[in-house]
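**Student:** Have a look at this one.
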Amino acid sequence: MKNLANFRKEKGWSQKELSDKAGVSQTYISELEAGKKQPTVLIAQKLATALGITLSELLNEEFGSPKSKAS
């Protein structure tokens with residue numbers, strides 16, 4: 001969930017601000033961003049809601065929206 005930091009920074013928020021808005025600890029946010037932990041679906045949804053994005057956007061491997069590739 002390394003793109004979590006990108007979405008957070010895009011909002012101009014610190015890890016503490018995101019943790020307060022999502023209802024999780026700042027340490028947990030740090031561990032998620034470092035790839036040390038993986039969130040449950042419930043926590044991922046809380047993070048997405050706090051960031052104002054969809055769960056799909058948050059869980060996407062690339063920052064931003066997935067790109068369709070026509071073959």
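Lettering and numbering for the structure tokens are positional, with chains as A, B, ... in the shown order, residues counted from 1 in each chain, and ligands counted from 1 in the shown order.
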Identify, on the basis of only C-alpha atoms, every residue whose closest approach to segment 24-29 of chain A does not exceed 6 Å; exclude the query and any residue fewer than 5 positions from it along the same chain; express the result as a list of chain:residue names.
**Tutor:**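 Answer for this query is A:Gln15, A:Lys16, A:Ser19.
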**Student:** Could you save those same residues with N, CA, C and O atoms as a short mmCIF file (atom, residue, chain, number, x, y, z; two decimals), in the first residue's frame?
**Tutor:**
```cif
data_model
loop_
_atom_site.label_atom_id
_atom_site.label_comp_id
_atom_site.auth_asym_id
_atom_site.auth_seq_id
_atom_site.Cartn_x
_atom_site.Cartn_y
_atom_site.Cartn_z
N GLN A 15 1.06 12.09 8.42
CA GLN A 15 0.55 10.78 8.81
C GLN A 15 -0.42 10.91 9.97
O GLN A 15 -1.44 10.22 10.04
N LYS A 16 -0.13 11.82 10.89
CA LYS A 16 -0.99 12.04 12.06
C LYS A 16 -2.36 12.55 11.63
O LYS A 16 -3.39 12.10 12.15
N SER A 19 -4.24 9.67 10.15
CA SER A 19 -4.62 8.73 11.20
C SER A 19 -5.82 9.24 12.00
O SER A 19 -6.72 8.47 12.33
#
```
**Student:** What's the 9 Å shell around segment 35-48 of chain A, counting only C-alpha atoms, without same-chain residues fewer than 2 positions away, as number ranges by chain?
**Tutor:** A: 1-2, 4, 18-19, 21-24, 28, 30-33, 50-59
**Student:** Step one, run DSSP on the backbone; step two, keep only residues of chain A assigned to helix (DSSP H, G or I); then write them as a ChimeraX atom specification.
**Tutor:** /A:3-11,15-22,26-33,41-51,55-59
